[in-house]
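Reading through the structure tokens given below for one structure.
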Amino acid sequence: MKLKFSFWLLLIVAANLAFGQKKQPYTEVKAGVEYQLIGTYNLQKLNKILTTEMDAFMSASSVPASDFKGSFVKPKYVVKLYRVKYSSVVPEHNNMRTVATGLIAIPETGTDSMAVVSYQHGTVFNKTE
């Protein structure tokens with residue numbers, strides 16, 4: 001169930017990032033791999049996402065908002081967000097080239113290390129999969 005909550009939180013953050021922010025340029029790590037600083041979210045912004053913005057997002061969803069109320073842990077750290085993109089292929093389509101994207105959230109804890117939490121979803125090509 002926690003994975004489901006993480007998915008919704010990432011979806012809300014990603015949707016939130018898509019609107020109203022000046023975009024930074026991408027930085028190339030190596031051929032076909034780039035990252036872009038999206039910004040830094042303070043605790044106030046993170047809590048707003050989990051309250052009023054979550055309510056607005058869930059009001060348009062078929063999933064009852066009551067399933068998620070009170071399910072998130074209050075954020076403890078400011079988070080720096082990065083958009084990543086990299087070249088990949090689609091094996092099921094004769095290794096057709098594509099660009100994959102993702103979101104990396106790095107908490108600013110003041111420590112040198114922290115446990116990694118990772119969430120991925122599978123790729124779906126049509127509604128029957």
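Labeling convention for the structure tokens: chains A, B, ... as they appear, residues from 1 per chain, ligands from 1 in order of appearance.
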
Subject >> 9 Å contact set for range 87-99 of chain A, only C-alpha atoms, chain neighbours under 4 positions out, as a list in words >> reply: Ala31, Gly32 and Val33 of chain A

Compile a residue-level contact table for range 52-78 of chain A against range 39-42 of chain A at a cut-off of 12 Å, reporting for every qualifying residue the shortest atom pair and its distance in Å to one decimal, with only C-alpha atoms counted, rows ordered by chain and ascending number, as a Markdown table.
```
| residue | atom | partner | partner_atom | distance |
| --- | --- | --- | --- | --- |
| A:Pro75 | CA | A:Asn42 | CA | 9.3 |
| A:Lys76 | CA | A:Asn42 | CA | 9.7 |
| A:Tyr77 | CA | A:Asn42 | CA | 7.6 |
| A:Val78 | CA | A:Asn42 | CA | 4.6 |
```

For those residues, write N, CA and C atoms to a file as a short mmCIF file (atom, residue, chain, number, x, y, z; two decimals), in the first residue's frame.
```cif
data_model
loop_
_atom_site.label_atom_id
_atom_site.label_comp_id
_atom_site.auth_asym_id
_atom_site.auth_seq_id
_atom_site.Cartn_x
_atom_site.Cartn_y
_atom_site.Cartn_z
N PRO A 75 6.82 15.67 5.79
CA PRO A 75 8.21 15.82 5.32
C PRO A 75 9.12 16.38 6.41
N LYS A 76 10.36 15.87 6.45
CA LYS A 76 11.34 16.33 7.44
C LYS A 76 12.43 17.20 6.82
N TYR A 77 12.62 17.06 5.50
CA TYR A 77 13.75 17.72 4.86
C TYR A 77 13.32 18.48 3.61
N VAL A 78 14.05 19.55 3.34
CA VAL A 78 13.94 20.25 2.07
C VAL A 78 14.40 19.26 1.00
#
```

Subject >> Pick from A:Pro25, A:Phe72, A:Ser61, A:Lys80 nearest to Ile49 in chain A, counting only C-alpha atoms >> reply: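 Among the listed residues, the smallest separation from Ile49 in chain A belongs to A:Phe72.
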
Original post:
Which residue out of A:Val79, A:Val116, A:Val29, A:Ala65 has the minimum interatomic distance to Gln44 in chain A when only C-alpha atoms are used?
Top reply: A:Val79

Subject >> Which residue of A:Ala100, A:Val84, A:Ile106, A:Val73 approaches Gln36 in chain A most closely, using only C-alpha atoms >> reply: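 Closest to Gln36 in chain A of all the choices is A:Val84.
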
Original post:
So how many Å separate CA of Ser66 in chain A and CA of Ile104 in chain A, to one decimal?
Top reply: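 Going from CA of Ser66 in chain A over to CA of Ile104 in chain A covers 27.8 Å.
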
**OP:** For CA of Asn47 in chain A and CA of Leu81 in chain A, determine how far apart the two atoms are, in Å to one decimal place.
**Re:** 15.5 Å

**OP:** Per DSSP on the backbone, filter range 12-124 of chain A down to the residues in strand (DSSP E) and report them as a VMD selection string.
**Re:** chain A and resid 27 to 30 33 to 41 78 to 90 96 to 108
